[in-house]
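One structure is given below, encoded as structure tokens.
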Amino acid sequence: MTTIDDFASGFSEEPGYVNFASVGPFGRAVIEEQQAQVELLRRARFGSLSSLDEQDARVRDAVGALTGFRADQIVFQPNTTSGLMHAMFGITGGVLLSAAEFPALPFAAARAADSLSVLAPRWLDTADGPVTPGVIRDQLTSSIVAVAVSLVDFRTGYLADIEGIRQVIGDRLLIVDAMQGFGIVDAPFEVADVIASGGQSWVRAGWGTGFLALSDRALERLTPVFSGFSATDTDGLPLDGVQPPAQGASAYSISHASPIDQARFSAALEEIGTVGVPAISARLAEKVSRVIDLADEYAVPVTSSRAENERAGIVVLEPAPDQLTMLAASLFNHGVSVSVRGRAVRLSPHVSTDEDSFDMLRGAFTSYASAITV
């Protein structure tokens, strides 16, 4: 096993970067893997390219190690949205979800409903609060066959209780957009039927990487609407006639994936596996607490949850409307990378966030506090 300090030392982003919920800069392992695969393809030495064919099995094994799903229940996807689209277009019946989720979920549900008219979105009323087991329980109906939720809310940083949600929805399908928590949250993924995630944020594998994992129950109930020539059980290319979709999760692919993207994703996941998600989660919790403590010190309102069991890596700051521009400008002027959406500022550190970054954040808060008291 790798120590958490060794894991963190493999990253070298510039100080001040606390925007990992948007995109995570590459670490050494991913860069070296990318370079190795590109060099292999550049030279194309006789017999060497066969290793590219091995990357699909490798990435499914790597995802399985972190989710608990079998390799045949996993299919590589270029992003979270593609996985969610596959799932939503494959459902017949009502799907309960919040319209306030990251757009990938409501868009997938609405597009499927408009195109095929077999999925019926049922929009969850959360009264501007989080998606909780109780809220879901109170709005379940007999027509609902699936419930969809984000593991971590991208707006508020709220960590969903997917185990509690599973208990209240019974044998309905549980669909989880894991994008904002995969790689940093030690979640009970085994309770979900559908998991979709990308690798560009917390996993730090870059764009073009992701997966869709489907339980046996999901494979029985979903229809692989978008199922390409790469999604059959035929050995080699299905040249003589259109073959039926494969029996497992591989039915949910359209074409051959980039083996270089798969290798990059595998390298990131394997490195996470060597240190363990619980260790990453624990170290990140310390970093998040420090961000919250700094905000409190300078009276910057924190609206995301402070309880560790309700948060992951996101801290949301929501100053008075007339002070938002000042806060954003102070962070920008001190070289602190964050996301600003609507009335809030979202900060998301990682285990590699260093002391220089916290010093820069302190400087930004100092400037902000001075400006609003003048």
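Going by the structure tokens order, chains are called A, B, ..., each with residues numbered from 1, while ligands are numbered from 1 in the order shown.
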
Do a neighbour search on A:Asn19 at 8 Å with only C-alpha atoms, toss out local chain neighbours closer than 4 positions, and write the hits as a PyMOL selection string.
chain A and resi 23-24+337-339+346-349

Residues of stretch 128-183 of chain A that approach stretch 98-103 of chain A to 9 Å or less, counting only C-alpha atoms: could you list each one with the shortest pair of atoms and its distance in Å to one decimal, rows by chain and increasing residue number, as CSV?
residue,atom,partner,partner_atom,distance
A:Asp128,CA,A:Ala100,CA,8.7
A:Val131,CA,A:Ser98,CA,7.6
A:Ala148,CA,A:Ser98,CA,8.1
A:Val149,CA,A:Glu101,CA,7.4
A:Ser150,CA,A:Glu101,CA,6.8
A:Asp153,CA,A:Glu101,CA,6.9
A:Phe154,CA,A:Phe102,CA,6.4
A:Arg155,CA,A:Phe102,CA,8.1
A:Asp177,CA,A:Phe102,CA,8.9

Once you count only C-alpha atoms, what closest atom pair and distance in Å to one decimal does each residue of stretch 60-161 of chain A within 8 Å of stretch 207-222 of chain A have, with rows by chain and rising residue number, as a tab-separated table?
residue	atom	partner	partner_atom	distance
A:Val63	CA	A:Phe211	CA	7.7
A:Phe69	CA	A:Ala213	CA	7.0
A:Gln73	CA	A:Leu214	CA	5.3
A:Ile74	CA	A:Ala213	CA	4.4
A:Val75	CA	A:Leu212	CA	5.4
A:Phe76	CA	A:Phe211	CA	4.4
A:Gln77	CA	A:Phe211	CA	4.5
A:Pro78	CA	A:Gly208	CA	4.4
A:Asn79	CA	A:Gly210	CA	4.7
A:Thr80	CA	A:Gly210	CA	6.0
A:Gly83	CA	A:Leu212	CA	5.2
A:Leu84	CA	A:Leu212	CA	7.8
A:Ala87	CA	A:Leu222	CA	7.1
A:Gly90	CA	A:Leu222	CA	4.7
A:Ile91	CA	A:Leu222	CA	5.4
A:Thr92	CA	A:Leu222	CA	7.8

Residue neighbourhood A:Met179, 6 Å, only C-alpha atoms, exclusion window fewer than 2 positions, as a ChimeraX atom specification
/A:177,181-182,197-198

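Note that the spacing between atom CA of A:Asp235 and atom CA of A:Ser51 amounts to 17.6 Å.
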
Apply DSSP to the backbone of this structure and, from stretch 149-284 of chain A, keep only the residues in strand (DSSP E or B); write these as a PyMOL selection string.
chain A and resi 149-150+152+158-159+173-177+194-198+210-214

Using the selection just defined, write its residues with N, CA and C atoms as a PDB file, in the first residue's frame.
ATOM      1  N   VAL A 149     -30.012  10.196  -8.616  1.00  0.00           N
ATOM      2  CA  VAL A 149     -29.479  11.174  -7.667  1.00  0.00           C
ATOM      3  C   VAL A 149     -27.986  11.347  -7.899  1.00  0.00           C
ATOM      4  N   SER A 150     -27.478  12.508  -7.553  1.00  0.00           N
ATOM      5  CA  SER A 150     -26.029  12.736  -7.566  1.00  0.00           C
ATOM      6  C   SER A 150     -25.443  12.291  -6.240  1.00  0.00           C
ATOM      7  N   VAL A 152     -22.801  13.474  -4.915  1.00  0.00           N
ATOM      8  CA  VAL A 152     -22.492  14.753  -4.267  1.00  0.00           C
ATOM      9  C   VAL A 152     -23.110  15.857  -5.108  1.00  0.00           C
ATOM     10  N   TYR A 158     -23.413  18.705  -0.937  1.00  0.00           N
ATOM     11  CA  TYR A 158     -24.092  17.757  -0.048  1.00  0.00           C
ATOM     12  C   TYR A 158     -23.857  16.324  -0.502  1.00  0.00           C
ATOM     13  N   LEU A 159     -23.451  15.473   0.435  1.00  0.00           N
ATOM     14  CA  LEU A 159     -23.195  14.064   0.165  1.00  0.00           C
ATOM     15  C   LEU A 159     -24.469  13.267   0.408  1.00  0.00           C
ATOM     16  N   LEU A 173     -34.862   0.757  -9.481  1.00  0.00           N
ATOM     17  CA  LEU A 173     -33.477   0.996  -9.857  1.00  0.00           C
ATOM     18  C   LEU A 173     -32.964   2.272  -9.195  1.00  0.00           C
ATOM     19  N   LEU A 174     -31.758   2.214  -8.675  1.00  0.00           N
ATOM     20  CA  LEU A 174     -31.106   3.397  -8.112  1.00  0.00           C
ATOM     21  C   LEU A 174     -29.974   3.808  -9.045  1.00  0.00           C
ATOM     22  N   ILE A 175     -30.122   4.993  -9.625  1.00  0.00           N
ATOM     23  CA  ILE A 175     -29.151   5.532 -10.587  1.00  0.00           C
ATOM     24  C   ILE A 175     -28.348   6.626  -9.891  1.00  0.00           C
ATOM     25  N   VAL A 176     -27.022   6.503  -9.920  1.00  0.00           N
ATOM     26  CA  VAL A 176     -26.168   7.454  -9.213  1.00  0.00           C
ATOM     27  C   VAL A 176     -25.198   8.116 -10.186  1.00  0.00           C
ATOM     28  N   ASP A 177     -25.286   9.437 -10.267  1.00  0.00           N
ATOM     29  CA  ASP A 177     -24.263  10.228 -10.942  1.00  0.00           C
ATOM     30  C   ASP A 177     -23.169  10.457  -9.905  1.00  0.00           C
ATOM     31  N   VAL A 194     -27.108   1.561 -11.102  1.00  0.00           N
ATOM     32  CA  VAL A 194     -26.433   2.244 -12.203  1.00  0.00           C
ATOM     33  C   VAL A 194     -25.495   3.286 -11.599  1.00  0.00           C
ATOM     34  N   ILE A 195     -24.246   3.226 -11.985  1.00  0.00           N
ATOM     35  CA  ILE A 195     -23.279   4.237 -11.564  1.00  0.00           C
ATOM     36  C   ILE A 195     -22.605   4.788 -12.816  1.00  0.00           C
ATOM     37  N   ALA A 196     -22.606   6.095 -12.947  1.00  0.00           N
ATOM     38  CA  ALA A 196     -21.906   6.744 -14.050  1.00  0.00           C
ATOM     39  C   ALA A 196     -20.978   7.798 -13.479  1.00  0.00           C
ATOM     40  N   SER A 197     -19.779   7.860 -14.019  1.00  0.00           N
ATOM     41  CA  SER A 197     -18.840   8.875 -13.560  1.00  0.00           C
ATOM     42  C   SER A 197     -17.797   9.133 -14.633  1.00  0.00           C
ATOM     43  N   GLY A 198     -17.192  10.296 -14.540  1.00  0.00           N
ATOM     44  CA  GLY A 198     -16.086  10.659 -15.401  1.00  0.00           C
ATOM     45  C   GLY A 198     -14.810  10.746 -14.590  1.00  0.00           C
ATOM     46  N   GLY A 210     -14.235   7.800 -18.387  1.00  0.00           N
ATOM     47  CA  GLY A 210     -15.399   7.582 -17.542  1.00  0.00           C
ATOM     48  C   GLY A 210     -15.866   6.144 -17.636  1.00  0.00           C
ATOM     49  N   PHE A 211     -16.984   5.858 -16.986  1.00  0.00           N
ATOM     50  CA  PHE A 211     -17.501   4.494 -16.999  1.00  0.00           C
ATOM     51  C   PHE A 211     -18.990   4.480 -16.692  1.00  0.00           C
ATOM     52  N   LEU A 212     -19.607   3.358 -17.044  1.00  0.00           N
ATOM     53  CA  LEU A 212     -20.975   3.043 -16.668  1.00  0.00           C
ATOM     54  C   LEU A 212     -20.955   1.658 -16.054  1.00  0.00           C
ATOM     55  N   ALA A 213     -21.453   1.537 -14.831  1.00  0.00           N
ATOM     56  CA  ALA A 213     -21.536   0.245 -14.146  1.00  0.00           C
ATOM     57  C   ALA A 213     -23.004  -0.098 -13.935  1.00  0.00           C
ATOM     58  N   LEU A 214     -23.364  -1.348 -14.243  1.00  0.00           N
ATOM     59  CA  LEU A 214     -24.761  -1.774 -14.192  1.00  0.00           C
ATOM     60  C   LEU A 214     -24.886  -3.059 -13.387  1.00  0.00           C
TER      61      LEU A 214
END

As an NGL selection string, please: the residues near A:Phe89 (cut-off 9 Å, only C-alpha atoms, same-chain neighbours under 2 positions excluded).
:A and (84-87 or 91-92 or 108-109 or 111-113 or 115-116 or 118-119 or 222-226)

Go ahead and save the picked residues with C-alpha atoms, as a PDB file, in the first residue's frame.
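Contents of part28.pdb, freshly written:
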ATOM      1  CA  LEU A  84     -26.352   8.595 -18.013  1.00  0.00           C
ATOM      2  CA  MET A  85     -27.773   8.919 -21.525  1.00  0.00           C
ATOM      3  CA  HIS A  86     -27.406   5.164 -22.049  1.00  0.00           C
ATOM      4  CA  ALA A  87     -29.233   4.528 -18.781  1.00  0.00           C
ATOM      5  CA  ILE A  91     -35.678   2.921 -19.033  1.00  0.00           C
ATOM      6  CA  THR A  92     -39.398   2.345 -19.431  1.00  0.00           C
ATOM      7  CA  ALA A 108     -30.750  12.843 -20.123  1.00  0.00           C
ATOM      8  CA  ALA A 109     -34.176  12.179 -18.615  1.00  0.00           C
ATOM      9  CA  ARG A 111     -34.223  13.927 -23.915  1.00  0.00           C
ATOM     10  CA  ALA A 112     -35.185  10.279 -23.420  1.00  0.00           C
ATOM     11  CA  ALA A 113     -38.772  11.238 -22.613  1.00  0.00           C
ATOM     12  CA  SER A 115     -37.475  11.083 -28.035  1.00  0.00           C
ATOM     13  CA  LEU A 116     -38.946   7.706 -27.114  1.00  0.00           C
ATOM     14  CA  VAL A 118     -41.352   5.572 -22.699  1.00  0.00           C
ATOM     15  CA  LEU A 119     -39.573   7.343 -19.842  1.00  0.00           C
ATOM     16  CA  LEU A 222     -32.723  -1.628 -19.215  1.00  0.00           C
ATOM     17  CA  THR A 223     -32.750  -1.689 -23.005  1.00  0.00           C
ATOM     18  CA  PRO A 224     -29.447  -0.919 -24.769  1.00  0.00           C
ATOM     19  CA  VAL A 225     -30.904   1.620 -27.196  1.00  0.00           C
ATOM     20  CA  PHE A 226     -27.568   2.972 -28.400  1.00  0.00           C
TER      21      PHE A 226
END

Interface rows for stretch 311-362 of chain A against stretch 3-8 of chain A: nearest pair, Å to one decimal, 12 Å, only C-alpha atoms, as a Markdown table:
| residue | atom | partner | partner_atom | distance |
| --- | --- | --- | --- | --- |
| A:His350 | CA | A:Ala8 | CA | 8.7 |
| A:Val351 | CA | A:Ala8 | CA | 5.9 |
| A:Ser352 | CA | A:Ala8 | CA | 4.9 |
| A:Thr353 | CA | A:Ala8 | CA | 8.6 |
| A:Asp354 | CA | A:Ala8 | CA | 9.6 |

Take the residues from that selection and write them out as a PDB file, in the first residue's frame, keeping N, CA and C atoms.
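The resulting file, result.pdb, is shown below:
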ATOM      1  N   HIS A 350      -7.830  19.381  -2.766  1.00  0.00           N
ATOM      2  CA  HIS A 350      -7.558  17.949  -2.890  1.00  0.00           C
ATOM      3  C   HIS A 350      -6.472  17.620  -1.870  1.00  0.00           C
ATOM      4  N   VAL A 351      -6.081  16.368  -1.826  1.00  0.00           N
ATOM      5  CA  VAL A 351      -5.061  15.969  -0.838  1.00  0.00           C
ATOM      6  C   VAL A 351      -3.729  16.646  -1.102  1.00  0.00           C
ATOM      7  N   SER A 352      -3.516  17.129  -2.333  1.00  0.00           N
ATOM      8  CA  SER A 352      -2.254  17.769  -2.680  1.00  0.00           C
ATOM      9  C   SER A 352      -2.266  19.276  -2.466  1.00  0.00           C
ATOM     10  N   THR A 353      -3.377  19.823  -2.009  1.00  0.00           N
ATOM     11  CA  THR A 353      -3.442  21.263  -1.731  1.00  0.00           C
ATOM     12  C   THR A 353      -2.456  21.598  -0.618  1.00  0.00           C
ATOM     13  N   ASP A 354      -1.495  22.490  -0.924  1.00  0.00           N
ATOM     14  CA  ASP A 354      -0.352  22.709  -0.020  1.00  0.00           C
ATOM     15  C   ASP A 354      -0.495  23.976   0.821  1.00  0.00           C
TER      16      ASP A 354
END

Can you pull out the residues contacting A:Thr2? Cut-off 12 Å, using only C-alpha atoms, and skip same-chain residues under 3 positions away; I want them as a PyMOL selection string.
chain A and resi 5-10+270-277+279-280

Can I get the selected residues back with N, CA and C atoms, as a compact mmCIF listing (two decimals), in the first residue's frame?
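Output below, filename result.txt:
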# COMPACT_ATOMS: atom_id res chain seq x y z
N ASP A 5 0.78 10.38 2.03
CA ASP A 5 1.78 11.40 1.72
C ASP A 5 2.48 11.10 0.41
N ASP A 6 2.79 9.82 0.17
CA ASP A 6 3.41 9.44 -1.10
C ASP A 6 2.45 9.71 -2.25
N PHE A 7 1.18 9.40 -2.04
CA PHE A 7 0.17 9.65 -3.07
C PHE A 7 0.10 11.14 -3.40
N ALA A 8 0.03 11.98 -2.37
CA ALA A 8 -0.08 13.43 -2.59
C ALA A 8 1.15 13.99 -3.28
N SER A 9 2.31 13.40 -3.00
CA SER A 9 3.56 13.91 -3.59
C SER A 9 3.65 13.66 -5.09
N GLY A 10 2.76 12.84 -5.63
CA GLY A 10 2.77 12.56 -7.06
C GLY A 10 2.11 13.65 -7.89
N GLU A 270 -5.77 2.97 -10.56
CA GLU A 270 -4.87 2.03 -9.89
C GLU A 270 -4.07 2.72 -8.79
N GLU A 271 -3.67 3.97 -9.05
CA GLU A 271 -2.95 4.71 -8.03
C GLU A 271 -3.85 5.00 -6.83
N ILE A 272 -5.11 5.36 -7.09
CA ILE A 272 -6.06 5.55 -6.00
C ILE A 272 -6.22 4.26 -5.21
N GLY A 273 -6.27 3.15 -5.93
CA GLY A 273 -6.43 1.86 -5.27
C GLY A 273 -5.28 1.49 -4.36
N THR A 274 -4.07 1.94 -4.70
CA THR A 274 -2.91 1.58 -3.87
C THR A 274 -2.92 2.30 -2.53
N VAL A 275 -3.52 3.48 -2.47
CA VAL A 275 -3.58 4.21 -1.20
C VAL A 275 -4.91 3.99 -0.50
N GLY A 276 -5.97 3.75 -1.29
CA GLY A 276 -7.29 3.50 -0.74
C GLY A 276 -8.12 4.77 -0.64
N VAL A 277 -9.37 4.68 -1.07
CA VAL A 277 -10.27 5.83 -1.01
C VAL A 277 -10.48 6.31 0.44
N ALA A 279 -8.40 6.53 2.88
CA ALA A 279 -7.27 7.39 3.26
C ALA A 279 -7.35 8.73 2.56
N ILE A 280 -7.74 8.71 1.29
CA ILE A 280 -7.90 9.96 0.54
C ILE A 280 -9.03 10.79 1.15

Distance query A:Pro15 at most 9 Å, only C-alpha atoms, self and fewer than 6 positions along chain excluded, as a list of chain:residue names
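Using only C-alpha atoms, the neighbours found are A:Gly335, A:Val336, A:Thr353, A:Asp354, A:Glu355, A:Asp356, A:Ser357, A:Phe358, A:Met360.
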
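With distances taken over only C-alpha atoms, A:Arg264 is the one residue among A:Val242, A:Leu49, A:Arg264, A:Leu317 lying closest to A:Gly27.
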